[in-house]
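Novice: Have a look at the structure that comes next, please.
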Amino acid sequence: MNVYLDLFLTFARVGVCTFGGGYAMLPILQREVVEKKGWATDAELTDYYAIGQCTPGVIAVNTATFIGHKYKGILGGIVATLGMVFPSLVIISVIAAFLQNFADNVYVIHAFNGIRACVCVLIFNAVMKLRKSTVIDMTTAVIFLVVFLLSAIWGLSPAILVLVCGVIGLALKLMQERRGQKGGDEA
């Protein structure tokens, strides 16, 4: 199959699962991109999620752009992005044409309540998968807990949290290297 068609169709399959937004797509992205296609590793995908959270736009679309670009350059990024958004455009157009007539229907209301509950589980599953490859020691566990509390209690911006944690991670790495050099100097 054509590589670009494969990129488009892969991300279109992910994009069909638009209920719940970008976070609901994370476990699907992980399965398609890491497990099935091997276009990225779990660590790379986690990095793409973090960058995608900080940049304007939907996290899943941003992640698709990064993966497409990594795999096939600028054209790959464009094709992956188009694949991700195409199903949403079609679905939203169809829903917009008919939803107004059915928005107050008790069955439609209950269907959307069920969909929202399902989305919560999908997001939770994505968090649990990411946690396994991200919270790997005491330092990352502390960062995870502090960010969770700052986000849940004070509602700090995810972009600010990601940037601050990036700086903290870099500072910790530099301190670790500095300690390693001092230990080598003493020997």
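Each chain in the structure tokens gets a letter, A, B, ..., in the order shown, and its residues are numbered from 1; ligands are numbered from 1 in order too.
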Region 145-148 of chain A: which residues within 12 Å, counting only C-alpha atoms, same-chain residues fewer than 3 positions away excluded, as a ChimeraX atom specification?
Specialist: /A:127,131,135,138-142,151-166,168
Novice: Quick one: residues within 9 Å of Ala80 (chain A), only C-alpha atoms counted, chain neighbours fewer than 2 positions away excluded, as a PDB file with C-alpha atoms, in the first residue's frame?
Specialist:
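Produced file result-v9.pdb, reproduced below:
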ATOM      1  CA  TYR A   4       0.888   8.163   2.448  1.00  0.00           C
ATOM      2  CA  LEU A   7      -0.711   7.193   7.021  1.00  0.00           C
ATOM      3  CA  PHE A   8      -4.021   8.795   6.027  1.00  0.00           C
ATOM      4  CA  LEU A   9      -6.112   5.651   6.647  1.00  0.00           C
ATOM      5  CA  THR A  10      -4.399   4.841   9.943  1.00  0.00           C
ATOM      6  CA  PHE A  11      -5.076   8.290  11.337  1.00  0.00           C
ATOM      7  CA  ALA A  12      -8.555   8.354   9.816  1.00  0.00           C
ATOM      8  CA  VAL A  61      -4.211  16.158  15.861  1.00  0.00           C
ATOM      9  CA  ALA A  64      -0.680  12.863  14.428  1.00  0.00           C
ATOM     10  CA  THR A  65       1.226  15.741  12.847  1.00  0.00           C
ATOM     11  CA  PHE A  66       4.382  14.947  14.842  1.00  0.00           C
ATOM     12  CA  ILE A  67       4.212  11.232  14.043  1.00  0.00           C
ATOM     13  CA  GLY A  68       3.525  11.804  10.342  1.00  0.00           C
ATOM     14  CA  HIS A  69       6.413  14.268  10.177  1.00  0.00           C
ATOM     15  CA  LEU A  75       4.161  15.714   3.570  1.00  0.00           C
ATOM     16  CA  GLY A  76       3.737  12.870   6.070  1.00  0.00           C
ATOM     17  CA  GLY A  77       2.775  15.370   8.762  1.00  0.00           C
ATOM     18  CA  ILE A  78       0.198  16.966   6.477  1.00  0.00           C
ATOM     19  CA  LEU A  82      -5.693  15.364   7.251  1.00  0.00           C
ATOM     20  CA  GLY A  83      -6.392  11.725   8.083  1.00  0.00           C
ATOM     21  CA  MET A  84      -7.023  12.616  11.715  1.00  0.00           C
ATOM     22  CA  VAL A  85      -9.425  15.502  11.020  1.00  0.00           C
TER      23      VAL A  85
END
Novice: Calculate how many Å separate CA of Gln30 (chain A) from CA of Lys129 (chain A), rounding to one decimal.
Specialist: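 It comes out at 9.0 Å.
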Novice: Considering only C-alpha atoms, state which residue in the set A:Ile109, A:Ala60, A:Ala50, A:Leu172 is at the smallest distance from Ile28 (chain A).
Specialist: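 Among the listed residues, the smallest separation from Ile28 (chain A) belongs to A:Ala60.
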Novice: May I ask which of the residues A:Glu35, A:Val3, A:Tyr107, A:Leu26 is the closest one to Asn62 (chain A), counting only C-alpha atoms?
Specialist: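 Closest to Asn62 (chain A), using only C-alpha atoms: A:Leu26.
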Novice: Quote the spacing between CA of Ala24 (chain A) and CA of Cys118 (chain A) in Å to one decimal place.
Specialist: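 Result for CA of Ala24 (chain A) versus CA of Cys118 (chain A): 9.0 Å, one decimal.
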Novice: Let me make sure I understand: among A:Asn2, A:Asn105, A:Gln53, A:Thr46, which one has the smallest atom-to-atom distance to Ser133 (chain A) if we use only C-alpha atoms?
Specialist: A:Thr46
Novice: Got a sec to tell me which of chain A DSSP assigns to alpha helix (DSSP H), as JSON, numbers by chain?
Specialist: {"A": [3, 4, 5, 6, 7, 8, 9, 10, 11, 12, 13, 14, 15, 16, 22, 23, 24, 25, 26, 27, 28, 29, 42, 43, 44, 45, 46, 47, 48, 49, 50, 51, 52, 53, 54, 59, 60, 61, 62, 63, 64, 65, 66, 67, 68, 69, 70, 71, 72, 73, 74, 75, 76, 77, 78, 79, 80, 81, 82, 83, 84, 85, 86, 87, 88, 89, 90, 91, 92, 93, 94, 95, 96, 97, 98, 99, 100, 101, 102, 106, 107, 108, 109, 110, 111, 112, 113, 114, 115, 116, 117, 118, 119, 120, 121, 122, 123, 124, 125, 126, 127, 128, 129, 130, 131, 132, 133, 134, 138, 139, 140, 141, 142, 143, 144, 145, 146, 147, 148, 149, 150, 151, 152, 153, 154, 158, 159, 160, 161, 162, 163, 164, 165, 166, 167, 168, 169, 170, 171, 172, 173, 174, 175, 176, 177, 178, 179, 180, 181, 182, 183, 184, 185, 186]}
Novice: Please list as a PyMOL selection string every residue within 12 Å of Cys120 (chain A), counting only C-alpha atoms and excluding residues in the same chain fewer than 2 positions away.
Specialist: chain A and resi 19-21+23-27+113-118+122-127
Novice: Quote the spacing between CA of Cys17 (chain A) and CA of Ser93 (chain A) in Å to one decimal place.
Specialist: 15.4 Å
